[in-house]
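What follows is protein-v9.txt (compact mmCIF, C-alpha atoms).
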```
# COMPACT_ATOMS: atom_id res chain seq x y z
CA MET A 161 241.45 11.17 83.65
CA ALA A 162 240.75 8.07 81.60
CA ASN A 163 238.46 9.95 79.24
CA HIS A 164 240.73 12.90 78.55
CA TYR A 165 242.57 13.30 75.25
CA GLN A 166 244.99 15.82 73.88
CA ILE A 167 243.10 15.90 70.56
CA LEU A 168 239.51 14.69 70.19
CA ILE A 169 238.27 14.09 66.64
CA ILE A 170 234.50 13.89 66.15
CA GLY A 171 233.84 11.74 63.10
CA GLY A 172 235.67 8.78 61.60
CA GLY A 173 234.95 9.41 57.94
CA ASN A 174 237.28 10.71 55.25
CA ALA A 175 238.06 13.92 57.16
CA GLY A 176 238.57 12.38 60.60
CA LEU A 177 240.80 9.53 59.50
CA SER A 178 242.96 11.56 57.13
CA VAL A 179 243.49 14.35 59.69
CA ALA A 180 244.39 11.85 62.42
CA SER A 181 246.89 10.13 60.11
CA GLN A 182 248.49 13.41 59.08
CA LEU A 183 248.77 14.64 62.67
CA LEU A 184 250.55 11.46 63.72
CA GLN A 185 252.96 11.75 60.81
CA LYS A 186 253.91 15.20 62.11
CA ARG A 187 254.02 14.19 65.79
CA SER A 188 253.81 10.51 66.63
CA ASN A 189 253.39 11.07 70.37
CA LEU A 190 250.05 12.92 70.16
CA LYS A 191 247.24 11.41 72.25
CA ILE A 192 244.32 11.29 69.81
CA ALA A 193 240.84 9.78 70.08
CA ILE A 194 238.30 9.41 67.27
CA VAL A 195 234.62 9.37 68.25
CA ASP A 196 232.38 7.58 65.75
CA PRO A 197 229.60 4.99 66.29
CA SER A 198 229.75 3.47 62.79
CA GLU A 199 230.85 -0.12 62.25
CA LYS A 200 231.20 0.47 58.51
CA HIS A 201 233.07 3.02 56.42
CA TYR A 202 231.82 3.88 52.93
CA TYR A 203 233.46 5.27 49.81
CA GLN A 204 230.38 7.19 48.73
CA PRO A 205 231.75 8.86 45.55
CA ALA A 206 231.44 5.47 43.82
CA TRP A 207 227.71 5.14 44.48
CA THR A 208 226.94 7.04 41.26
CA LEU A 209 228.94 4.36 39.43
CA VAL A 210 227.03 1.65 41.33
CA GLY A 211 223.77 3.26 40.20
CA ALA A 212 225.09 3.24 36.62
CA GLY A 213 225.87 -0.48 36.75
CA ILE A 214 229.66 -0.27 36.50
CA PHE A 215 230.85 -0.59 40.12
CA ASP A 216 230.29 -3.28 42.75
CA VAL A 217 228.60 -1.75 45.79
CA ASN A 218 230.43 -4.21 48.06
CA LYS A 219 233.73 -2.62 47.03
CA THR A 220 232.56 0.70 48.52
CA VAL A 221 232.41 -0.53 52.12
CA ARG A 222 235.00 -1.66 54.68
CA ASN A 223 235.05 -2.22 58.42
CA GLU A 224 235.79 0.99 60.31
CA LYS A 225 238.08 -0.80 62.79
CA GLU A 226 240.45 -1.74 59.96
CA LEU A 227 240.88 1.92 58.99
CA ILE A 228 241.40 3.57 62.39
CA PRO A 229 245.03 4.82 62.44
CA LYS A 230 247.42 3.02 64.77
CA ASN A 231 248.26 4.89 67.97
CA THR A 232 244.79 6.45 68.16
CA THR A 233 241.85 5.43 70.35
CA TRP A 234 238.53 4.63 68.69
CA ILE A 235 235.60 5.60 70.93
CA LYS A 236 232.63 3.80 69.39
CA GLU A 237 230.02 6.24 70.63
CA ALA A 238 227.57 8.77 69.23
CA VAL A 239 227.93 12.38 70.39
CA SER A 240 224.87 14.05 71.92
CA GLU A 241 226.21 17.36 73.32
CA PHE A 242 229.15 19.75 73.03
CA GLU A 243 230.29 21.88 75.97
CA PRO A 244 233.16 23.83 74.40
CA THR A 245 233.44 26.33 77.27
CA VAL A 246 234.67 23.50 79.50
CA ASN A 247 236.26 21.39 76.71
CA LYS A 248 233.80 18.54 77.13
CA VAL A 249 231.74 16.26 74.88
CA LYS A 250 228.82 14.12 76.05
CA CYS A 251 227.80 10.91 74.32
CA VAL A 252 224.35 9.34 73.92
CA SER A 253 225.37 6.58 76.36
CA GLY A 254 226.19 9.13 79.05
CA THR A 255 229.95 8.91 78.58
CA GLU A 256 231.76 12.24 79.00
CA ILE A 257 235.04 12.99 77.24
CA THR A 258 237.29 15.98 77.80
CA TYR A 259 239.96 17.36 75.51
CA ASP A 260 242.61 20.01 75.05
CA TYR A 261 241.83 20.50 71.35
CA MET A 262 238.96 19.27 69.22
CA ILE A 263 238.44 18.67 65.49
CA VAL A 264 234.81 18.42 64.39
CA CYS A 265 234.10 16.49 61.18
CA PRO A 266 231.08 14.17 61.49
CA GLY A 267 229.86 14.88 57.97
CA ILE A 268 226.37 15.88 56.89
CA GLN A 269 222.88 14.69 57.77
CA LEU A 270 220.48 13.34 55.15
CA ASP A 271 217.02 14.71 55.92
CA TRP A 272 214.96 12.02 54.18
CA ASN A 273 211.78 13.04 56.00
CA LYS A 274 211.85 16.55 54.48
CA ILE A 275 210.40 14.94 51.33
CA LYS A 276 207.10 13.37 52.35
CA GLY A 277 206.91 9.71 51.38
CA LEU A 278 210.47 9.37 50.07
CA LYS A 279 211.82 7.20 52.86
CA GLU A 280 208.84 4.86 52.69
CA THR A 281 209.10 4.26 48.94
CA LEU A 282 212.90 4.25 48.62
CA GLY A 283 214.23 1.18 46.83
CA LYS A 284 210.86 0.17 45.37
CA ASN A 285 208.09 1.52 43.13
CA ASN A 286 210.80 2.72 40.71
CA VAL A 287 212.05 5.27 43.26
CA SER A 288 215.71 5.27 44.26
CA SER A 289 218.59 7.39 45.52
CA ASN A 290 222.34 6.95 45.07
CA TYR A 291 222.75 8.66 48.44
CA ASP A 292 221.77 5.39 50.12
CA PHE A 293 224.06 2.34 50.14
CA ASN A 294 221.15 -0.10 49.88
CA SER A 295 219.34 1.83 47.15
CA ALA A 296 222.21 2.57 44.76
CA PRO A 297 222.06 -0.94 43.16
CA TYR A 298 218.30 -0.47 42.69
CA THR A 299 219.01 2.69 40.67
CA TRP A 300 220.77 0.49 38.12
CA GLU A 301 217.86 -1.98 38.08
CA MET A 302 215.51 0.91 37.30
CA ILE A 303 217.70 2.35 34.53
CA LYS A 304 218.41 -1.05 32.97
CA ASN A 305 214.76 -2.13 32.92
CA PHE A 306 213.27 1.20 31.83
CA LYS A 307 211.24 0.88 28.63
CA GLY A 308 210.36 4.55 28.24
CA GLY A 309 208.06 7.08 29.88
CA THR A 310 208.70 9.96 32.27
CA ALA A 311 211.97 9.87 34.23
CA VAL A 312 212.42 12.47 36.98
CA PHE A 313 215.69 13.32 38.74
CA THR A 314 215.55 15.66 41.74
CA ASN A 315 218.03 17.96 43.47
CA PRO A 316 217.17 19.75 46.75
CA SER A 317 217.55 23.47 47.45
CA THR A 318 219.95 22.88 50.37
CA PRO A 319 223.71 22.39 50.02
CA ILE A 320 224.49 18.68 49.66
CA LYS A 321 227.52 16.47 49.66
CA CYS A 322 228.79 15.90 46.14
CA GLY A 323 226.65 18.58 44.54
CA GLY A 324 226.99 17.03 41.08
CA ALA A 325 225.61 13.60 42.03
CA PRO A 326 221.91 14.41 41.38
CA HIS A 327 222.60 15.11 37.70
CA LYS A 328 225.56 12.77 37.13
CA ILE A 329 223.28 9.73 37.24
CA MET A 330 220.84 11.47 34.88
CA TYR A 331 223.50 11.94 32.19
CA LEU A 332 224.54 8.29 32.47
CA ALA A 333 220.92 7.10 32.33
CA VAL A 334 220.23 9.20 29.23
CA ASP A 335 223.37 7.86 27.55
CA TYR A 336 222.34 4.28 28.39
CA TRP A 337 218.84 4.81 26.96
CA ARG A 338 220.31 6.47 23.86
CA LYS A 339 222.54 3.45 23.23
CA LYS A 340 219.61 1.13 23.89
CA GLY A 341 217.63 3.00 21.22
CA ILE A 342 214.77 4.12 23.47
CA LEU A 343 215.71 7.73 24.27
CA ASP A 344 213.00 9.05 21.94
CA LYS A 345 210.49 7.27 24.22
CA CYS A 346 211.95 8.88 27.36
CA ASP A 347 210.68 12.18 28.75
CA VAL A 348 213.46 13.26 31.14
CA HIS A 349 213.01 15.99 33.77
CA TYR A 350 215.47 17.54 36.22
CA VAL A 351 213.69 19.17 39.17
CA SER A 352 216.32 21.25 40.93
CA GLY A 353 216.27 23.64 43.87
CA ALA A 354 219.31 25.39 42.37
CA THR A 355 219.11 28.26 39.89
CA VAL A 356 221.68 26.89 37.40
CA ILE A 357 223.02 23.47 36.41
CA PHE A 358 226.52 24.38 37.70
CA GLY A 359 227.94 27.48 39.37
CA VAL A 360 231.16 27.80 37.36
CA PRO A 361 230.48 29.27 33.88
CA GLU A 362 233.12 27.23 32.03
CA TYR A 363 231.72 23.91 33.28
CA LYS A 364 228.11 25.10 33.10
CA ALA A 365 228.48 25.66 29.33
CA THR A 366 229.53 22.03 28.82
CA LEU A 367 226.65 20.65 30.87
CA GLU A 368 224.06 22.80 29.10
CA LYS A 369 225.10 21.13 25.85
CA VAL A 370 224.63 17.72 27.51
CA LEU A 371 221.15 18.75 28.68
CA LEU A 372 220.27 19.89 25.16
CA LYS A 373 221.61 16.74 23.52
CA GLY A 374 219.59 14.57 25.90
CA ASN A 375 216.43 16.68 25.47
CA ILE A 376 216.31 17.04 29.27
CA LYS A 377 213.69 19.46 30.62
CA VAL A 378 215.06 21.43 33.56
CA HIS A 379 212.93 23.03 36.29
CA TYR A 380 215.12 25.39 38.33
CA SER A 381 214.25 26.86 41.75
CA ALA A 382 211.89 23.92 42.16
CA ASN A 383 211.92 22.20 45.54
CA THR A 384 210.62 18.61 45.82
CA ILE A 385 208.30 18.24 48.83
CA ALA A 386 206.59 14.87 48.32
CA ILE A 387 206.94 11.60 46.40
CA ASP A 388 204.12 9.06 46.23
CA GLY A 389 205.65 5.81 45.04
CA ASN A 390 202.38 3.88 44.84
CA ASN A 391 200.69 6.46 42.64
CA LYS A 392 203.92 7.45 40.86
CA THR A 393 203.63 11.18 41.53
CA ILE A 394 206.14 13.80 42.58
CA GLU A 395 205.13 17.15 44.10
CA PHE A 396 207.34 20.21 44.02
CA GLU A 397 206.94 23.92 44.70
CA THR A 398 208.40 26.92 42.91
CA LYS A 399 207.96 30.64 42.29
CA ASN A 400 209.30 30.07 38.77
CA THR A 401 205.79 29.16 37.59
CA GLU A 402 205.71 30.20 33.93
CA PHE A 403 209.04 28.53 33.17
CA VAL A 404 207.86 25.25 34.70
CA LYS A 405 204.51 25.41 32.87
CA GLN A 406 206.32 25.85 29.56
CA SER A 407 208.68 22.96 30.29
CA LEU A 408 205.85 20.63 31.26
CA SER A 409 203.61 21.63 28.36
CA LYS A 410 206.22 20.29 25.93
CA SER A 411 206.03 16.86 27.57
CA ALA A 412 203.26 14.65 26.31
CA ALA A 413 204.13 11.96 28.85
CA ALA A 414 204.16 14.26 31.88
CA CYS A 415 200.68 14.60 33.32
CA TYR A 416 200.59 17.32 35.94
CA SER A 417 198.33 19.45 38.07
CA ILE A 418 198.98 22.89 39.55
CA ALA A 419 198.02 24.39 42.91
CA GLU A 420 198.37 28.11 42.32
CA GLY A 421 199.36 30.68 44.94
CA ASN A 422 197.38 33.88 45.54
CA ASP A 423 199.92 36.57 44.66
CA ALA A 424 203.13 37.20 42.74
CA ASP A 425 205.35 36.27 45.69
CA SER A 426 203.58 33.05 46.57
CA VAL A 427 204.81 29.57 45.80
CA SER A 428 202.96 27.37 43.32
CA ARG A 429 202.80 23.61 43.69
CA PHE A 430 203.12 21.19 40.81
CA THR A 431 202.29 17.50 40.81
CA MET A 432 203.82 15.43 38.02
CA ASN A 433 203.44 11.77 37.14
CA PHE A 434 206.58 9.66 36.70
CA ASP A 435 207.59 6.18 35.65
CA LEU A 436 211.09 6.39 37.17
CA CYS A 437 212.36 8.71 39.90
CA HIS A 438 215.87 9.26 41.30
CA SER A 439 215.58 11.59 44.28
CA VAL A 440 218.12 13.32 46.53
CA PRO A 441 217.10 14.34 50.06
CA PRO A 442 217.67 17.79 51.55
CA GLN A 443 220.71 17.87 53.83
CA SER A 444 221.88 19.79 56.89
CA ALA A 445 224.30 19.65 59.82
CA PRO A 446 223.82 16.69 62.19
CA ASP A 447 221.28 17.49 64.91
CA PHE A 448 223.87 17.30 67.69
CA ILE A 449 225.73 20.16 65.97
CA LYS A 450 222.55 22.13 65.18
CA ASN A 451 221.66 22.08 68.87
CA SER A 452 225.14 23.03 70.09
CA PRO A 453 227.12 26.22 70.85
CA LEU A 454 229.37 25.36 67.89
CA ARG A 455 226.71 26.11 65.28
CA ASP A 456 226.53 29.15 63.08
CA GLN A 457 223.50 30.99 64.50
CA ALA A 458 222.95 32.83 61.23
CA ASN A 459 222.65 29.61 59.22
CA ALA A 460 219.33 27.78 59.44
CA LEU A 461 221.02 24.50 58.50
CA GLY A 462 223.15 24.64 61.65
CA TYR A 463 226.67 24.14 60.30
CA VAL A 464 229.78 24.61 62.46
CA GLU A 465 230.89 28.25 62.45
CA ILE A 466 234.51 28.55 61.30
CA ASP A 467 236.89 30.94 59.60
CA LYS A 468 236.65 29.82 55.97
CA ASN A 469 240.41 30.11 55.41
CA THR A 470 242.00 28.90 58.68
CA LEU A 471 239.16 26.42 59.48
CA GLN A 472 239.42 27.47 63.14
CA HIS A 473 236.17 27.93 65.04
CA SER A 474 235.07 31.56 65.13
CA ARG A 475 234.55 31.61 68.91
CA PHE A 476 236.47 28.66 70.35
CA PRO A 477 240.15 28.86 69.30
CA ASN A 478 240.99 25.30 70.41
CA VAL A 479 238.33 23.91 68.05
CA PHE A 480 238.74 23.29 64.31
CA ALA A 481 236.32 21.80 61.81
CA LEU A 482 236.43 20.53 58.26
CA GLY A 483 234.41 18.59 55.74
CA ASP A 484 230.69 18.68 55.10
CA CYS A 485 229.66 19.90 58.58
CA THR A 486 231.10 23.43 58.29
CA ASN A 487 229.64 26.73 57.13
CA ALA A 488 232.57 27.34 54.77
CA PRO A 489 230.99 28.41 51.44
CA CYS A 490 232.66 25.69 49.39
CA SER A 491 231.31 22.57 47.72
CA LYS A 492 230.97 19.63 50.07
CA THR A 493 233.25 17.06 48.41
CA GLY A 494 236.01 14.61 49.23
CA ALA A 495 238.35 16.75 47.13
CA ALA A 496 237.65 19.72 49.40
CA ILE A 497 238.50 17.58 52.45
CA ARG A 498 241.80 16.56 50.87
CA LYS A 499 242.83 20.24 50.70
CA GLN A 500 241.32 21.14 54.09
CA ALA A 501 243.01 18.37 56.09
CA PRO A 502 246.62 19.68 55.86
CA VAL A 503 245.37 23.21 56.70
CA VAL A 504 243.73 21.93 59.90
CA VAL A 505 246.82 19.89 60.80
CA THR A 506 249.23 22.81 60.32
CA ASN A 507 247.05 25.37 62.07
CA LEU A 508 246.16 23.13 65.00
CA LEU A 509 249.82 22.36 65.67
CA GLU A 510 250.56 26.08 65.50
CA VAL A 511 247.84 26.79 68.05
CA MET A 512 249.36 24.10 70.28
CA ASP A 513 252.78 25.77 69.88
CA LYS A 514 251.24 29.23 70.53
CA LYS A 515 252.24 30.44 67.08
CA ALA A 516 250.34 32.47 64.49
CA LEU A 517 248.32 30.48 61.98
CA THR A 518 249.98 30.22 58.57
CA ALA A 519 247.95 27.70 56.55
CA SER A 520 245.00 28.87 54.47
CA TYR A 521 242.29 27.03 52.53
CA ASP A 522 241.15 28.77 49.34
CA GLY A 523 237.86 26.92 48.89
CA TYR A 524 239.24 24.38 46.42
CA SER A 525 236.84 21.64 45.42
CA ALA A 526 236.54 19.16 42.59
CA CYS A 527 233.52 17.50 41.05
CA PRO A 528 234.11 14.68 38.55
CA ILE A 529 231.01 14.70 36.32
CA PRO A 530 230.49 11.84 33.85
CA THR A 531 228.62 13.16 30.82
CA GLN A 532 228.28 9.70 29.25
CA TYR A 533 229.73 6.23 29.74
CA GLY A 534 233.47 6.51 29.14
CA LYS A 535 233.75 10.31 29.30
CA LEU A 536 234.02 12.64 32.27
CA MET A 537 234.52 16.34 32.96
CA LEU A 538 236.72 17.06 36.00
CA ALA A 539 235.45 20.37 37.37
CA GLU A 540 237.92 22.02 39.76
CA PHE A 541 237.32 25.47 41.28
CA ASP A 542 237.71 27.62 44.42
CA TYR A 543 235.74 30.08 46.58
CA THR A 544 235.60 32.58 43.71
CA ASN A 545 233.97 29.99 41.40
CA LYS A 546 236.91 30.22 39.06
CA PRO A 547 238.42 27.08 37.51
CA LYS A 548 241.55 25.69 39.20
CA MET A 549 242.59 23.10 36.65
CA THR A 550 245.25 20.59 37.68
CA PHE A 551 245.97 19.16 34.26
CA PRO A 552 247.56 20.92 31.24
CA PHE A 553 244.43 20.74 29.10
CA ASP A 554 240.90 22.14 29.05
CA GLN A 555 239.10 20.23 31.81
CA ALA A 556 235.75 21.64 30.71
CA LYS A 557 235.93 19.11 27.89
CA PRO A 558 234.83 15.57 28.89
CA ARG A 559 237.62 13.02 28.38
CA TRP A 560 238.12 9.26 28.71
CA THR A 561 241.30 9.83 30.76
CA MET A 562 239.23 11.61 33.42
CA TRP A 563 236.74 8.72 33.32
CA LEU A 564 239.63 6.39 34.21
CA LEU A 565 240.63 8.76 37.02
CA LYS A 566 237.11 8.56 38.50
CA THR A 567 236.50 4.83 38.04
CA LYS A 568 239.97 3.38 38.72
CA VAL A 569 242.46 5.82 40.22
CA LEU A 570 240.42 7.73 42.82
CA PRO A 571 238.91 4.65 44.58
CA TRP A 572 242.41 3.16 44.93
CA LEU A 573 243.83 6.46 46.18
CA TYR A 574 241.07 6.78 48.75
CA TRP A 575 241.61 3.43 50.46
CA ASN A 576 245.39 3.29 50.08
CA LYS A 577 246.62 6.88 50.35
CA ILE A 578 244.06 9.51 51.38
CA LEU A 579 242.80 7.81 54.57
CA LYS A 580 246.40 7.07 55.50
CA GLY A 581 247.30 10.73 55.16
CA THR A 582 249.78 10.26 52.32
CA ALA A 583 247.83 11.91 49.48
```
Exercise: express the given structure as structure tokens:
Amino acid sequence: MANHYQILIIGGGNAGLSVASQLLQKRSNLKIAIVDPSEKHYYQPAWTLVGAGIFDVNKTVRNEKELIPKNTTWIKEAVSEFEPTVNKVKCVSGTEITYDYMIVCPGIQLDWNKIKGLKETLGKNNVSSNYDFNSAPYTWEMIKNFKGGTAVFTNPSTPIKCGGAPHKIMYLAVDYWRKKGILDKCDVHYVSGATVIFGVPEYKATLEKVLLKGNIKVHYSANTIAIDGNNKTIEFETKNTEFVKQSLSKSAAACYSIAEGNDADSVSRFTMNFDLCHSVPPQSAPDFIKNSPLRDQANALGYVEIDKNTLQHSRFPNVFALGDCTNAPCSKTGAAIRKQAPVVVTNLLEVMDKKALTASYDGYSACPIPTQYGKLMLAEFDYTNKPKMTFPFDQAKPRWTMWLLKTKVLPWLYWNKILKGTA
């Protein structure tokens, strides 16, 4: 069959390309196809730096065709359906592809429409998001031209890729305004669906000091539901009513109104005025995974159901998954993918050889968090939310060496080593 492959990889991002490269290094005769409709490939971790005015957005994008590993087939199609019981994938065009083994890694879906008005106002009206290639440069325009007023940074309640990104840009903005001498005119708010600033206590302690130093008002368990760019208002809902009222009452610049619920368990809605807003959309598994037999039925966000250590599908043993699309309870980062890829490669080859699986992923992830221009905290941790520090010093302390790692070393490693399966 012309459309049959030994290994079918769904997704040509970081995970798909690095896994394909590593598989071919182990066995050069494997017949591999990569299914991905995208013409362009993006290095998204640098978009925070673009939004902070220190990285050229054009250096974060390359042509996908230049990155596809040699000796693989690129199928430039979008998947519409999975039929894992008969080892088949259907594409939007009607093309059908069969496989012996499949690796699922198409990334995560940005649900812009879950925040009413966000998509329509993005990139104008002083509303931006570093999660969008076209909007990241506008973030810098907003920060650079800000003269003072209410600045709001939002973080959704869903898991997201690069969980630190919603507050990274806030710390850099505050540092820029401090150096510009206007921070005392800035009323900064962080509206977050999470319950803490960071889940690992050692790193959380550092970031709480940064919040305090920047006089940033934090609203936890607060989910953004609407942004009106023309009228400069943001609406969010929370059960944490008294805490939010106290935070807002300290802010002379933040005009707000409250729609109260009827009982103790109800959600209250808050509307707050802003002069600058950086917003992050809720995220979930791509729809074609949500609507497939591969999904985790117990997870409303529809992620691929896998064993969190072996990365093998829970019900289809010839299917593996990695990256942001899985239900593994780890942070969704490029650093996680770098540790997951060799586990998938080893275990898949063992399945092919009818051997027991030996490789295990421990939930490792890393989140480089700049706390100011020139200093960065490299947070590394695992499934247990305990630090897993690579370097022989306290990584909970922001350092200029880690700033260089983020701004210089990691982008080079990504294009030259990670996608080629050599790092």
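For Gln500 of chain A, the set of protein, DNA and RNA residues having any atom at most 8 Å away, when counting only C-alpha atoms and skipping those fewer than 4 positions along the same chain, is Leu471, Leu482, Gly483, Ala496, Val504 and Tyr521 of chain A.
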>> I'd like the neighbourhood of Asn390 of chain A as JSON, numbers by chain, where a residue qualifies if any of its atoms comes within 9 Å (using only C-alpha atoms), though same-chain residues fewer than 3 positions away should be ignored.
In response: {"A": [281, 285, 393]}
>> Restricting the calculation to all atoms listed in the file: of A:Trp337, A:Tyr533, A:Phe293, A:Phe480, which residue gets closest to Ile170 of chain A?
In response: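 Closest candidate: A:Phe480.
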>> For Ala162 of chain A, find every residue with an atom within 12 Å (counting all atoms listed in the file), except residues of its own chain fewer than 3 positions away, and show them as JSON, numbers by chain.
In response: {"A": [165, 166, 191, 193, 233, 255, 256, 257, 258, 259]}
> Skipping near chain neighbours, those fewer than 2 positions away, what residues fall within 8 Å of His379 of chain A using all atoms listed in the file, listed as an MDAnalysis selection string?
Replying inline: chainID A and resid 349:352 377 381:382 403:404 407
>> Using Å and a single decimal, report how far atom CA of Lys577 of chain A sits from atom CA of Pro547 of chain A.
In response: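 So the answer is 25.3 Å.
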> With all atoms listed in the file as the atoms that count, which of A:Val440, A:Ala458, A:Val246, A:Leu564 lies nearest to Ser289 of chain A?
Replying inline: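 Of A:Val440, A:Ala458, A:Val246, A:Leu564, the one nearest Ser289 of chain A, counting all atoms listed in the file, is A:Val440.
Between atom CA of Gly283 of chain A and atom CA of Tyr574 of chain A the separation is 27.5 Å.
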>> Between atom CA of Met262 of chain A and atom CA of Val479 of chain A, what is the distance in Å, rounded to a tenth?
In response: 4.8 Å
Save segment 514-530 of chain A to disk from that block, N, CA, C and O atoms included, as a CSV table (one decimal), in the first residue's frame.
```
chain,number,residue,atom,x,y,z
A,514,LYS,N,9.2,-7.0,20.5
A,514,LYS,CA,8.5,-7.9,21.4
A,514,LYS,C,9.2,-8.1,22.8
A,514,LYS,O,9.3,-9.2,23.3
A,515,LYS,N,9.8,-7.0,23.3
A,515,LYS,CA,10.5,-7.0,24.5
A,515,LYS,C,9.7,-6.2,25.6
A,515,LYS,O,8.9,-5.4,25.2
A,516,ALA,N,10.1,-6.4,26.8
A,516,ALA,CA,9.5,-5.6,27.9
A,516,ALA,C,10.0,-4.2,27.8
A,516,ALA,O,11.1,-3.9,27.4
A,517,LEU,N,9.2,-3.2,28.2
A,517,LEU,CA,9.6,-1.8,28.2
A,517,LEU,C,10.5,-1.5,29.4
A,517,LEU,O,10.2,-1.9,30.5
A,518,THR,N,11.6,-0.8,29.1
A,518,THR,CA,12.6,-0.5,30.1
A,518,THR,C,12.7,0.9,30.4
A,518,THR,O,13.2,1.3,31.5
A,519,ALA,N,12.4,1.8,29.5
A,519,ALA,CA,12.6,3.3,29.7
A,519,ALA,C,11.4,3.9,30.4
A,519,ALA,O,10.3,3.5,30.3
A,520,SER,N,11.7,4.8,31.3
A,520,SER,CA,10.7,5.4,32.1
A,520,SER,C,10.9,7.0,32.2
A,520,SER,O,12.1,7.4,32.5
A,521,TYR,N,9.9,7.7,32.1
A,521,TYR,CA,9.9,9.2,32.2
A,521,TYR,C,9.4,9.6,33.6
A,521,TYR,O,8.4,9.1,34.1
A,522,ASP,N,10.1,10.4,34.3
A,522,ASP,CA,9.8,10.7,35.7
A,522,ASP,C,9.1,12.0,35.9
A,522,ASP,O,8.9,12.5,37.0
A,523,GLY,N,8.6,12.6,34.8
A,523,GLY,CA,7.9,13.9,34.9
A,523,GLY,C,8.7,15.1,34.8
A,523,GLY,O,8.3,16.2,35.1
A,524,TYR,N,10.0,14.9,34.5
A,524,TYR,CA,10.9,16.1,34.5
A,524,TYR,C,10.4,17.2,33.5
A,524,TYR,O,9.9,16.9,32.4
A,525,SER,N,10.5,18.4,34.0
A,525,SER,CA,10.3,19.6,33.2
A,525,SER,C,11.1,20.7,33.7
A,525,SER,O,11.7,20.7,34.8
A,526,ALA,N,11.3,21.7,32.9
A,526,ALA,CA,12.1,22.9,33.2
A,526,ALA,C,11.3,24.1,32.8
A,526,ALA,O,10.7,24.1,31.7
A,527,CYS,N,11.4,25.2,33.6
A,527,CYS,CA,10.8,26.4,33.2
A,527,CYS,C,11.7,27.6,33.5
A,527,CYS,O,12.0,27.9,34.7
A,528,PRO,N,12.4,28.1,32.5
A,528,PRO,CA,13.3,29.3,32.7
A,528,PRO,C,12.4,30.5,32.9
A,528,PRO,O,11.7,30.9,32.0
A,529,ILE,N,12.5,31.1,34.1
A,529,ILE,CA,11.7,32.3,34.4
A,529,ILE,C,12.6,33.5,34.6
A,529,ILE,O,13.2,33.6,35.6
A,530,PRO,N,12.5,34.5,33.7
A,530,PRO,CA,13.3,35.7,33.9
A,530,PRO,C,12.5,36.5,34.9
A,530,PRO,O,11.3,36.8,34.9
```
